[in-house]
$ cat input14.csv   # CSV, C-alpha atoms
chain,number,residue,atom,x,y,z
A,1151,MET,CA,-13.6,6.4,-7.0
A,1152,ALA,CA,-11.4,4.8,-4.3
A,1153,ASP,CA,-13.2,6.5,-1.5
A,1154,ALA,CA,-16.7,6.1,-2.7
A,1155,GLY,CA,-17.3,2.5,-1.6
A,1156,SER,CA,-16.3,2.9,2.1
A,1157,PRO,CA,-18.9,3.3,4.7
A,1158,PRO,CA,-18.3,6.6,6.7
A,1159,ASN,CA,-17.7,4.9,10.0
A,1160,ARG,CA,-14.5,3.1,9.2
A,1161,CYS,CA,-11.6,4.6,10.9
A,1162,CYS,CA,-7.9,4.6,10.3
A,1163,PRO,CA,-6.1,3.0,13.2
A,1164,ILE,CA,-3.3,5.6,13.0
A,1165,CYS,CA,-5.2,8.9,13.0
A,1166,LEU,CA,-8.4,7.5,14.4
A,1167,HIS,CA,-10.4,9.6,11.9
A,1168,SER,CA,-12.4,8.4,8.9
A,1169,LEU,CA,-10.3,6.8,6.3
A,1170,ASN,CA,-8.9,9.2,3.8
A,1171,GLN,CA,-7.5,7.8,0.5
A,1172,ASN,CA,-8.0,4.2,1.7
A,1173,SER,CA,-5.0,2.0,1.2
A,1174,TYR,CA,-4.2,-1.6,2.2
A,1175,LEU,CA,-1.0,-3.4,3.2
A,1176,ASP,CA,-0.3,-6.2,0.6
A,1177,THR,CA,-0.1,-9.2,2.9
A,1178,CYS,CA,-2.4,-8.7,5.9
A,1179,PHE,CA,-4.8,-6.3,4.0
A,1180,HIS,CA,-5.3,-4.0,7.0
A,1181,GLU,CA,-6.6,-0.7,6.0
A,1182,PHE,CA,-5.2,2.8,6.7
A,1183,CYS,CA,-5.2,6.3,5.3
A,1184,TYR,CA,-2.6,6.5,2.5
A,1185,ASN,CA,-0.8,9.4,4.2
A,1186,CYS,CA,-0.9,7.8,7.7
A,1187,ILE,CA,0.6,4.5,6.6
A,1188,THR,CA,3.3,6.1,4.4
A,1189,ARG,CA,4.3,8.4,7.2
A,1190,TRP,CA,4.6,5.5,9.5
A,1191,ALA,CA,6.6,3.5,6.9
A,1192,ASN,CA,9.0,6.5,6.7
A,1193,VAL,CA,9.4,6.7,10.5
A,1194,ALA,CA,9.8,3.0,10.9
A,1195,ALA,CA,12.5,3.0,8.2
A,1196,SER,CA,14.4,5.9,9.7
A,1197,GLN,CA,14.7,4.0,13.0
A,1198,CYS,CA,16.6,1.2,11.3
A,1199,HIS,CA,20.1,1.3,10.1
A,1200,GLU,CA,19.7,-0.8,7.0
A,1201,SER,CA,17.3,0.2,4.4
A,1202,GLN,CA,14.0,-1.5,4.9
A,1203,LYS,CA,12.2,-3.4,2.2
A,1204,SER,CA,9.2,-4.2,4.4
A,1205,ILE,CA,6.9,-2.7,7.0
A,1206,GLN,CA,5.3,-4.3,10.0
A,1207,CYS,CA,1.6,-3.8,10.1
A,1208,PRO,CA,0.8,-1.5,13.1
A,1209,LEU,CA,-2.2,-3.8,13.9
A,1210,CYS,CA,-0.9,-7.3,13.5
A,1211,LYS,CA,2.9,-7.0,13.0
A,1212,THR,CA,2.7,-9.0,9.7
A,1213,GLU,CA,5.6,-8.1,7.3
A,1214,ASN,CA,4.3,-6.3,4.3
A,1215,PHE,CA,6.2,-5.2,1.2
A,1216,SER,CA,3.9,-2.6,-0.4
A,1217,ILE,CA,1.0,-0.4,0.1
A,1218,ILE,CA,-1.9,-0.8,-2.3
A,1219,HIS,CA,-3.8,2.5,-2.9
A,1220,GLY,CA,-5.7,4.5,-5.5
A,1221,TYR,CA,-7.6,1.5,-6.5
A,1222,GLY,CA,-10.6,1.5,-8.8
A,1223,ASP,CA,-12.4,-1.1,-10.9
A,1224,ILE,CA,-9.6,-2.1,-13.0
A,1225,SER,CA,-6.4,-0.6,-11.7
A,1226,PHE,CA,-4.5,0.2,-8.5
A,1227,GLN,CA,-1.3,1.9,-7.4
A,1228,ARG,CA,1.4,0.2,-5.5
A,1229,HIS,CA,3.9,1.9,-3.2
A,1230,TYR,CA,6.8,-0.3,-2.4
A,1231,ILE,CA,8.5,0.1,1.0
A,1232,GLY,CA,12.0,1.4,0.8
A,1233,MET,CA,11.4,3.1,-2.6
A,1234,ASP,CA,10.5,6.5,-1.2
A,1235,HIS,CA,13.5,8.3,-2.6
A,1236,LYS,CA,12.9,7.1,-6.1
A,1237,LYS,CA,9.9,8.4,-7.8
A,1238,SER,CA,7.4,5.6,-7.5
A,1239,PHE,CA,5.7,4.6,-10.7
A,1240,THR,CA,2.2,5.8,-11.2
A,1241,LEU,CA,0.0,4.8,-14.2
A,1242,SER,CA,-0.5,7.6,-16.6
A,1243,GLU,CA,-3.9,8.3,-18.2
A,1244,ALA,CA,-2.8,6.4,-21.3
A,1245,HIS,CA,-1.9,3.4,-19.2
A,1246,ARG,CA,-5.3,3.4,-17.5
A,1247,PHE,CA,-6.9,3.8,-20.8
A,1248,ARG,CA,-5.2,0.6,-22.0
A,1249,LEU,CA,-6.2,-1.3,-18.9
A,1250,GLN,CA,-9.7,-0.2,-19.6
A,1251,CYS,CA,-9.4,-1.7,-23.1
A,1252,TYR,CA,-8.3,-5.0,-21.6
A,1253,SER,CA,-11.2,-5.0,-19.2
A,1254,ARG,CA,-13.7,-4.8,-22.1
A,1255,GLU,CA,-14.8,-7.6,-24.4
A,1256,PRO,CA,-12.2,-8.2,-27.1
A,1257,GLY,CA,-12.9,-7.6,-30.7
A,1258,ALA,CA,-13.8,-3.9,-30.4
A,1259,LEU,CA,-11.6,-3.1,-33.5
A,1260,CYS,CA,-12.6,-6.1,-35.6
A,1261,LYS,CA,-14.8,-3.9,-37.8
A,1262,GLU,CA,-12.2,-1.3,-38.3
A,1263,ILE,CA,-9.2,-3.5,-38.9
A,1264,ASP,CA,-9.1,-6.6,-41.0
A,1265,VAL,CA,-6.4,-8.7,-39.4
A,1266,MET,CA,-6.4,-11.4,-42.0
A,1267,LYS,CA,-5.8,-8.8,-44.7
A,1268,TYR,CA,-2.6,-7.9,-42.8
A,1269,TRP,CA,-1.3,-11.5,-43.2
A,1270,LYS,CA,-2.6,-12.0,-46.8
A,1271,SER,CA,-1.2,-8.7,-48.1
A,1272,LYS,CA,2.0,-9.3,-46.2
A,1273,GLY,CA,1.5,-6.2,-44.1
A,1274,PHE,CA,4.3,-7.3,-41.9
A,1275,LEU,CA,6.8,-6.3,-44.6
A,1276,ARG,CA,6.0,-2.8,-43.6
A,1277,LYS,CA,8.1,-1.6,-40.6
A,1278,THR,CA,6.2,-0.4,-37.6
A,1279,ARG,CA,8.2,2.2,-35.9
A,1280,TRP,CA,5.9,2.5,-32.9
A,1281,LEU,CA,5.9,-1.1,-31.9
A,1282,GLN,CA,8.5,-0.7,-29.2
A,1283,SER,CA,6.8,2.2,-27.5
A,1284,TRP,CA,3.5,0.5,-27.8
A,1285,VAL,CA,4.7,-2.8,-26.3
A,1286,GLN,CA,6.4,-0.9,-23.5
A,1287,ARG,CA,3.2,0.9,-22.6
A,1288,GLU,CA,1.2,-2.3,-22.7
A,1289,ILE,CA,3.5,-4.2,-20.4
A,1290,GLN,CA,3.9,-1.2,-18.0
A,1291,ALA,CA,0.1,-1.0,-17.7
A,1292,LEU,CA,-0.5,-4.8,-17.4
A,1293,ILE,CA,2.2,-5.6,-14.8
A,1294,HIS,CA,2.3,-2.2,-13.2
A,1295,GLU,CA,6.1,-1.7,-13.3
A,1296,GLU,CA,8.0,1.1,-14.8
A,1297,ASP,CA,11.1,-0.7,-15.7
A,1298,VAL,CA,10.0,-3.3,-18.3
A,1299,ASP,CA,13.0,-2.9,-20.7
A,1300,ILE,CA,14.1,-6.5,-20.4
A,1301,ILE,CA,10.6,-7.9,-21.1
A,1302,VAL,CA,10.0,-5.5,-24.0
A,1303,HIS,CA,13.4,-6.3,-25.4
A,1304,HIS,CA,12.6,-10.0,-25.2
A,1305,ILE,CA,9.2,-9.8,-26.8
A,1306,LEU,CA,10.4,-7.4,-29.5
A,1307,GLY,CA,13.3,-9.7,-30.2
A,1308,VAL,CA,11.0,-12.7,-30.8
A,1309,ILE,CA,8.7,-10.6,-33.0
A,1310,GLU,CA,11.4,-9.1,-35.1
A,1311,SER,CA,13.3,-12.3,-35.7
A,1312,PHE,CA,9.9,-13.8,-36.9
A,1313,LEU,CA,9.3,-10.9,-39.2
A,1314,ARG,CA,12.8,-11.0,-40.6
A,1315,ARG,CA,12.3,-14.7,-41.4
A,1316,MET,CA,9.0,-13.8,-43.1
A,1317,GLU,CA,10.9,-11.3,-45.3
A,1318,GLN,CA,13.4,-13.9,-46.4
A,1319,GLU,CA,11.1,-16.8,-47.2
A,1320,HIS,CA,7.9,-15.1,-48.2
A,1321,GLN,CA,6.8,-17.8,-50.6
A,1322,CYS,CA,6.2,-20.7,-48.2
A,1323,GLY,CA,3.2,-21.0,-45.8
A,1324,THR,CA,-0.3,-19.8,-46.0
A,1325,PRO,CA,-1.3,-16.5,-44.3
A,1326,GLU,CA,-3.1,-18.6,-41.7
A,1327,GLN,CA,0.0,-20.6,-40.9
A,1328,LYS,CA,2.0,-17.5,-40.6
A,1329,ARG,CA,-0.5,-16.0,-38.3
A,1330,ASP,CA,-0.6,-19.1,-36.1
A,1331,GLU,CA,3.1,-19.2,-36.0
A,1332,PHE,CA,3.3,-15.5,-35.0
A,1333,LYS,CA,0.7,-15.9,-32.3
A,1334,THR,CA,2.4,-19.0,-30.8
A,1335,LEU,CA,5.8,-17.3,-30.8
A,1336,ALA,CA,4.4,-14.1,-29.2
A,1337,PHE,CA,2.5,-16.0,-26.7
A,1338,GLY,CA,5.5,-18.0,-25.7
A,1339,ALA,CA,7.6,-14.8,-25.3
A,1340,ALA,CA,5.0,-12.9,-23.2
A,1341,THR,CA,3.4,-15.6,-21.1
A,1342,PRO,CA,6.0,-15.8,-18.4
A,1343,PHE,CA,5.4,-12.1,-17.6
A,1344,LEU,CA,1.7,-11.7,-18.4
A,1345,ASN,CA,0.2,-15.1,-17.3
A,1346,GLU,CA,-3.5,-15.3,-18.0
A,1347,ILE,CA,-3.8,-12.0,-19.9
A,1348,THR,CA,-1.2,-13.2,-22.5
A,1349,ASP,CA,-3.9,-14.4,-25.0
A,1350,ARG,CA,-5.5,-11.1,-25.0
A,1351,PHE,CA,-2.2,-9.3,-25.2
A,1352,VAL,CA,-1.2,-11.2,-28.3
A,1353,ASP,CA,-4.6,-10.4,-29.9
A,1354,GLU,CA,-4.1,-6.7,-29.2
A,1355,LEU,CA,-0.5,-6.9,-30.5
A,1356,GLU,CA,-1.7,-8.4,-33.8
A,1357,ILE,CA,-4.4,-5.7,-34.1
A,1358,PHE,CA,-1.9,-3.0,-33.5
A,1359,LEU,CA,0.5,-4.4,-36.1
A,1360,ALA,CA,-2.3,-4.8,-38.6
A,1361,ALA,CA,-3.5,-1.3,-37.9
A,1362,GLY,CA,-0.1,0.2,-38.7
A,1363,LEU,CA,-1.0,3.3,-36.9
A,1364,THR,CA,0.8,5.6,-34.6
A,1365,ILE,CA,0.0,5.0,-30.9
A,1366,GLU,CA,-2.1,8.2,-30.7
A,1367,ALA,CA,-4.1,7.3,-33.8
A,1368,TYR,CA,-4.6,3.7,-32.6
A,1369,ASP,CA,-5.9,5.0,-29.3
A,1370,GLU,CA,-8.4,7.3,-31.1
A,1371,LEU,CA,-9.5,4.3,-33.2
A,1372,TYR,CA,-10.1,2.4,-30.1
A,1373,LEU,CA,-12.2,5.2,-28.6
A,1374,GLN,CA,-14.2,5.4,-31.8
A,1375,SER,CA,-15.0,1.7,-31.7
A,1376,TRP,CA,-16.6,2.2,-28.3
A,1377,ILE,CA,-19.1,4.8,-29.5
A,1378,GLY,CA,-22.6,3.5,-29.4
A,1379,ASN,CA,-22.3,0.9,-26.8
A,1380,GLN,CA,-20.4,2.9,-24.3
A,1381,PRO,CA,-21.7,6.5,-24.0
A,1382,SER,CA,-19.3,7.6,-21.3
A,1383,GLU,CA,-16.7,10.3,-20.8
A,1384,MET,CA,-14.5,8.4,-23.3
A,1385,VAL,CA,-17.0,9.1,-26.0
A,1386,GLU,CA,-16.9,12.8,-25.2
A,1387,ARG,CA,-13.1,12.8,-25.5
A,1388,SER,CA,-13.2,11.0,-28.8
A,1389,ASN,CA,-15.7,13.4,-30.3
A,1390,GLN,CA,-13.3,16.2,-30.0
A,1391,THR,CA,-10.7,14.5,-32.0
A,1392,THR,CA,-12.7,12.7,-34.6
A,1393,GLY,CA,-11.2,14.7,-37.5
A,1394,HIS,CA,-7.7,13.8,-36.5
A,1395,TRP,CA,-8.6,10.1,-36.4
A,1396,VAL,CA,-10.3,10.1,-39.8
A,1397,ASP,CA,-7.1,11.4,-41.4
A,1398,LEU,CA,-5.0,8.7,-40.0
A,1399,HIS,CA,-7.4,6.0,-40.9
A,1400,LEU,CA,-7.3,7.1,-44.5
A,1401,PHE,CA,-3.5,7.0,-44.3
A,1402,ASP,CA,-3.8,3.5,-43.1
A,1403,ASP,CA,-5.9,2.4,-46.2
A,1404,ASP,CA,-3.4,4.1,-48.5
A,1405,SER,CA,-0.4,2.3,-47.0
A,1406,ASP,CA,-2.1,-1.1,-47.4
A,1407,ILE,CA,-2.4,-0.5,-51.2
A,1408,ILE,CA,1.4,0.0,-51.4
B,681,MET,CA,1.9,18.8,14.8
B,682,GLN,CA,-1.6,19.2,13.4
B,683,ALA,CA,-2.0,15.4,13.0
B,684,SER,CA,-0.9,14.7,16.5
B,685,ARG,CA,-3.3,17.3,17.9
B,686,ALA,CA,-6.2,15.9,15.8
B,687,ARG,CA,-5.5,12.4,17.0
B,688,LEU,CA,-5.1,13.4,20.7
B,689,PHE,CA,-8.4,15.3,20.5
B,690,LYS,CA,-10.0,12.2,19.1
B,691,GLU,CA,-8.6,10.2,21.9
B,692,TYR,CA,-9.8,12.8,24.4
B,693,LYS,CA,-13.4,12.5,23.0
B,694,GLU,CA,-13.2,8.8,23.1
B,695,VAL,CA,-12.0,8.8,26.8
B,696,GLN,CA,-14.9,11.1,27.7
B,697,ARG,CA,-17.4,8.9,25.9
B,698,GLU,CA,-16.2,5.6,27.3
B,699,LYS,CA,-15.4,6.7,30.8
B,700,SER,CA,-17.0,3.8,32.5
B,701,VAL,CA,-15.8,1.1,30.0
B,702,ASP,CA,-12.5,0.4,31.8
B,703,PRO,CA,-13.0,1.3,35.5
B,704,ASP,CA,-9.3,0.6,36.2
B,705,ILE,CA,-8.0,3.4,34.1
B,706,GLN,CA,-8.8,7.1,34.4
B,707,LEU,CA,-7.1,9.3,31.8
B,708,LEU,CA,-7.0,13.1,32.3
B,709,CYS,CA,-5.7,15.7,29.9
B,710,ASP,CA,-4.0,18.8,31.1
B,711,ASP,CA,-6.4,21.7,30.9
B,712,SER,CA,-4.0,23.9,28.8
B,713,ASN,CA,-1.8,21.4,27.0
B,714,ILE,CA,-3.1,18.5,25.0
B,715,PHE,CA,0.4,17.0,24.9
B,716,LYS,CA,0.4,16.5,28.7
B,717,TRP,CA,-1.8,13.8,30.2
B,718,THR,CA,-2.0,12.0,33.5
B,719,ALA,CA,-3.6,8.7,34.2
B,720,LEU,CA,-4.7,6.9,37.4
B,721,ILE,CA,-4.5,3.2,37.2
B,722,LYS,CA,-5.6,0.6,39.7
B,723,GLY,CA,-3.1,-2.0,40.8
B,724,PRO,CA,-4.2,-5.4,39.3
B,725,SER,CA,-5.9,-7.8,41.7
B,726,GLU,CA,-3.9,-10.8,43.0
B,727,THR,CA,-0.7,-8.8,42.7
B,728,PRO,CA,1.2,-6.9,45.4
B,729,TYR,CA,-0.1,-3.8,43.8
B,730,GLU,CA,-3.8,-4.6,44.5
B,731,GLY,CA,-5.7,-1.9,46.3
B,732,GLY,CA,-3.2,0.8,45.2
B,733,VAL,CA,-3.9,3.7,42.8
B,734,PHE,CA,-0.9,4.6,40.7
B,735,GLN,CA,-0.4,7.9,38.9
B,736,LEU,CA,1.3,8.0,35.5
B,737,ALA,CA,2.5,11.1,33.6
B,738,PHE,CA,2.4,11.2,29.8
B,739,ALA,CA,4.5,13.5,27.8
B,740,ILE,CA,3.5,13.2,24.1
B,741,PRO,CA,5.9,14.1,21.3
B,742,GLU,CA,4.7,16.2,18.4
B,743,GLN,CA,5.2,13.3,16.0
B,744,TYR,CA,2.7,11.2,18.0
B,745,PRO,CA,1.4,8.6,17.1
B,746,LEU,CA,4.4,7.9,14.9
B,747,LEU,CA,6.5,8.1,18.0
B,748,PRO,CA,5.5,6.7,21.4
B,749,PRO,CA,4.5,8.8,24.3
B,750,GLN,CA,6.9,9.1,27.2
B,751,VAL,CA,5.3,7.6,30.3
B,752,ARG,CA,6.6,7.4,33.8
B,753,PHE,CA,5.2,6.5,37.2
B,754,LEU,CA,4.6,9.5,39.4
B,755,THR,CA,3.7,7.2,42.3
B,756,LYS,CA,6.5,5.3,43.8
B,757,ILE,CA,6.4,1.6,42.9
B,758,PHE,CA,8.6,-1.4,43.6
B,759,HIS,CA,8.7,-3.3,40.3
B,760,PRO,CA,11.6,-4.8,38.3
B,761,ASN,CA,10.8,-2.8,35.2
B,762,VAL,CA,10.2,0.6,36.8
B,763,HIS,CA,13.0,2.8,37.9
B,764,PHE,CA,12.6,3.3,41.6
B,765,LYS,CA,13.7,7.0,41.6
B,766,THR,CA,12.5,8.4,38.3
B,767,GLY,CA,9.5,6.2,37.6
B,768,GLU,CA,10.8,5.4,34.1
B,769,ILE,CA,9.2,2.3,32.6
B,770,CYS,CA,11.0,-0.4,30.6
B,771,LEU,CA,8.3,-1.6,28.2
B,772,ASP,CA,9.0,-2.7,24.6
B,773,ILE,CA,5.9,-1.0,23.2
B,774,LEU,CA,7.0,2.3,24.6
B,775,LYS,CA,10.3,1.9,22.7
B,776,ASN,CA,11.2,-0.2,19.6
B,777,ALA,CA,7.9,-2.2,19.6
B,778,TRP,CA,5.8,0.9,19.4
B,779,SER,CA,3.0,0.9,16.9
B,780,PRO,CA,0.8,3.9,16.0
B,781,ALA,CA,-2.2,1.8,16.5
B,782,TRP,CA,-1.7,2.0,20.3
B,783,THR,CA,-3.6,4.6,22.2
B,784,LEU,CA,-3.0,6.2,25.5
B,785,GLN,CA,-5.8,4.0,26.8
B,786,SER,CA,-4.2,0.8,25.5
B,787,VAL,CA,-0.8,1.9,26.8
B,788,CYS,CA,-2.3,2.1,30.3
B,789,ARG,CA,-3.7,-1.4,29.8
B,790,ALA,CA,-0.2,-2.6,28.8
B,791,ILE,CA,1.3,-1.0,31.9
B,792,ILE,CA,-1.3,-2.8,34.1
B,793,ALA,CA,-0.4,-6.0,32.4
B,794,LEU,CA,3.3,-5.3,33.0
B,795,MET,CA,2.5,-4.8,36.7
B,796,ALA,CA,0.9,-8.2,36.9
B,797,HIS,CA,3.7,-9.9,34.8
B,798,PRO,CA,7.1,-8.4,35.6
B,799,GLU,CA,10.1,-9.2,33.3
B,800,PRO,CA,13.0,-9.6,35.8
B,801,ASP,CA,15.4,-10.2,32.9
B,802,SER,CA,15.4,-6.6,31.8
B,803,PRO,CA,15.3,-4.8,35.1
B,804,LEU,CA,15.4,-1.1,35.8
B,805,ASN,CA,15.1,-1.8,39.5
B,806,CYS,CA,17.9,-4.3,40.1
B,807,ASP,CA,16.9,-5.0,43.7
B,808,SER,CA,13.4,-6.0,42.7
B,809,GLY,CA,14.7,-7.9,39.6
B,810,ASN,CA,17.3,-9.9,41.7
B,811,LEU,CA,14.7,-10.9,44.2
B,812,LEU,CA,12.6,-12.4,41.5
B,813,ARG,CA,15.5,-13.9,39.6
B,814,SER,CA,16.8,-15.6,42.7
B,815,GLY,CA,13.4,-17.1,43.2
B,816,ASP,CA,12.5,-15.1,46.3
B,817,LEU,CA,8.9,-14.4,45.4
B,818,ARG,CA,7.9,-13.7,48.9
B,819,GLY,CA,10.6,-11.2,49.4
B,820,TYR,CA,9.6,-9.4,46.2
B,821,GLN,CA,5.9,-9.5,47.1
B,822,SER,CA,6.3,-8.1,50.6
B,823,MET,CA,8.6,-5.3,49.4
B,824,ALA,CA,6.2,-4.4,46.6
B,825,LYS,CA,3.2,-4.6,48.9
B,826,MET,CA,4.8,-2.4,51.4
B,827,TYR,CA,5.5,0.3,48.9
B,828,THR,CA,2.0,0.0,47.5
B,829,ARG,CA,0.7,0.7,51.0
B,830,LEU,CA,3.1,3.5,51.6
B,831,ALA,CA,2.8,5.3,48.3
B,832,ALA,CA,-0.3,4.2,46.4
B,833,MET,CA,-3.0,4.0,49.0
B,834,PRO,CA,-4.9,6.8,50.6
B,835,LYS,CA,-3.7,7.6,54.1
B,836,LYS,CA,-6.1,6.4,56.7
B,837,GLY,CA,-7.3,8.8,59.4

$ encode --input "input14.csv" --output "structure tokens"
Amino acid sequence: MADAGSPPNRCCPICLHSLNQNSYLDTCFHEFCYNCITRWANVAASQCHESQKSIQCPLCKTENFSIIHGYGDISFQRHYIGMDHKKSFTLSEAHRFRLQCYSREPGALCKEIDVMKYWKSKGFLRKTRWLQSWVQREIQALIHEEDVDIIVHHILGVIESFLRRMEQEHQCGTPEQKRDEFKTLAFGAATPFLNEITDRFVDELEIFLAAGLTIEAYDELYLQSWIGNQPSEMVERSNQTTGHWVDLHLFDDDSDII
Amino acid sequence: MQASRARLFKEYKEVQREKSVDPDIQLLCDDSNIFKWTALIKGPSETPYEGGVFQLAFAIPEQYPLLPPQVRFLTKIFHPNVHFKTGEICLDILKNAWSPAWTLQSVCRAIIALMAHPEPDSPLNCDSGNLLRSGDLRGYQSMAKMYTRLAAMPKKG
């Protein structure tokens, strides 16, 4: 999908052949083959004694700090200069799936999951074991970093202290007030890291909590909700696993009764 | 190795296609070895090298274009940044300022620019550099002109 949009006559300034796996430098946006520019970055780094954190553009000498490549409609990969020895972080299929969820209109799961019911029935008294892994995956996908432990720890800390407070003082406050307080707190915790996508993240977080599902089941539910208006490869994938999802959805209803 | 070959072949085709674009540069690839090239460049006008034709030898490393080609003058030249005996050239883009976006053609252009604008502060030819640094422009020009006539011009008669 990255190569599809480029006209055939554009050449890489390094190999002089048609661009292969187009990639851009992050500051000057000059374009090269991914292999050509990474090989040049390695050679340039090996000629310096100190470890390099930047690369000079072969065309304009601008200092650049990363190579953007493997880009599609909603995601891209980033190769930081000087990180070659460590395995650079690439988005998994699950990460890309979540980004796709964010790129769509919100409210896909509204029919499936009654968020207000979660607050009215004090669903938050149920522990969600999968929250940490889920938040980690969301943050990784949204900010495209592998090491997000500090951010996850911070957001979880805020959520958990809120839920703990809810456990202790469950009489006071209407469900609506609790919900608003939760959203405000989660927003405050996440906004320094997620910026304009924070609102949507908080909505997704609430839905995930209200669903009370495992990550796998939650993803399946999401896929299900797309059927009908999005007959793509996603639908195909979800059809194969419908049975699995139905089971888990029943489990969800049961747990709400308790 | 494969990458450098492919790139040099591309440059070869480009040179064949655009032969007349830059009449001051004539690039020739060795018949049997694509890593050996020679170039004939015309001395830039309004310099002591005007009227001369200078031959350059390119030895291209296997890692080209990630590493620069080694270029030297085969024709004797009196220039502050060219070694008088070996023809070695002191030019930043052939060393630490190399970029893989340079081509053999553009390297030739850079060398022509160096001929017109010597850098006497990093001399390989100290005699030439000292003449310029001491302000003896006439002395430098007449020496350079003499060697151009002796080495870079076709013998008359």

$ closest_atom_pairs --input "input14.csv" --of "chain A" --to "chain B" --cutoff "12 Å" --atoms "only C-alpha atoms" --output "CSV"
residue,atom,partner,partner_atom,distance
A:Cys1161,CA,B:Ala781,CA,11.3
A:Cys1162,CA,B:Ala781,CA,8.9
A:Pro1163,CA,B:Ala781,CA,5.2
A:Ile1164,CA,B:Ala781,CA,5.3
A:Cys1165,CA,B:Arg687,CA,5.3
A:Leu1166,CA,B:Arg687,CA,6.3
A:His1167,CA,B:Arg687,CA,7.6
A:Ser1168,CA,B:Lys690,CA,11.1
A:His1180,CA,B:Ala781,CA,11.6
A:Glu1181,CA,B:Ala781,CA,11.7
A:Phe1182,CA,B:Ala781,CA,10.3
A:Asn1185,CA,B:Ala683,CA,10.7
A:Cys1186,CA,B:Leu746,CA,8.9
A:Ile1187,CA,B:Pro780,CA,9.4
A:Thr1188,CA,B:Leu746,CA,10.7
A:Arg1189,CA,B:Leu746,CA,7.7
A:Trp1190,CA,B:Leu746,CA,5.9
A:Ala1191,CA,B:Leu746,CA,9.4
A:Asn1192,CA,B:Leu746,CA,9.5
A:Val1193,CA,B:Leu746,CA,6.8
A:Ala1194,CA,B:Leu746,CA,8.3
A:Ala1195,CA,B:Leu746,CA,11.6
A:Ser1196,CA,B:Leu746,CA,11.4
A:Gln1197,CA,B:Asn776,CA,8.6
A:Cys1198,CA,B:Asn776,CA,10.0
A:Ile1205,CA,B:Ser779,CA,11.2
A:Gln1206,CA,B:Ser779,CA,8.9
A:Cys1207,CA,B:Ser779,CA,8.4
A:Pro1208,CA,B:Ser779,CA,5.0
A:Leu1209,CA,B:Ala781,CA,6.2
A:Cys1210,CA,B:Ala781,CA,9.7
A:Lys1211,CA,B:Ser779,CA,8.8

$ residues_around --input "input14.csv" --residues "A:Ile1217" --least-positions-apart "4" --cutoff "8 Å" --atoms "only C-alpha atoms" --output "ChimeraX atom specification"
/A:1173-1176,1228-1231

$ atom_distance --input "input14.csv" --atom1 "atom CA of A:Ala1244" --atom2 "atom CA of A:Glu1370"
11.3 Å

$ atom_distance --input "input14.csv" --atom1 "atom CA of A:Leu1306" --atom2 "atom CA of A:Phe1343"
13.7 Å

$ atom_distance --input "input14.csv" --atom1 "atom CA of A:Leu1275" --atom2 "atom CA of A:His1303"
20.3 Å

$ residues_around --input "input14.csv" --residues "A:Ile1224" --least-positions-apart "6" --cutoff "10 Å" --atoms "only C-alpha atoms" --output "PyMOL selection string"
chain A and resi 1246+1249-1250+1252-1253

$ residues_around --input "input14.csv" --residues "B:Ala737" --least-positions-apart "2" --cutoff "9 Å" --atoms "only C-alpha atoms" --output "ChimeraX atom specification"
/B:716-719,735,739,750-754

$ residues_near_point --input "input14.csv" --point "(11.4, -2.5, 37.1)" --cutoff "7 Å" --atoms "all atoms listed in the file" --output "ChimeraX atom specification"
/B:759-763,769-770,803-805,808-809

$ residues_around --input "input14.csv" --residues "A:Glu1310" --least-positions-apart "4" --cutoff "12 Å" --atoms "all atoms listed in the file" --output "NGL selection string"
:A and (1274-1279 or 1281-1282 or 1302-1306 or 1314-1317 or 1332 or 1335-1336 or 1339 or 1359)
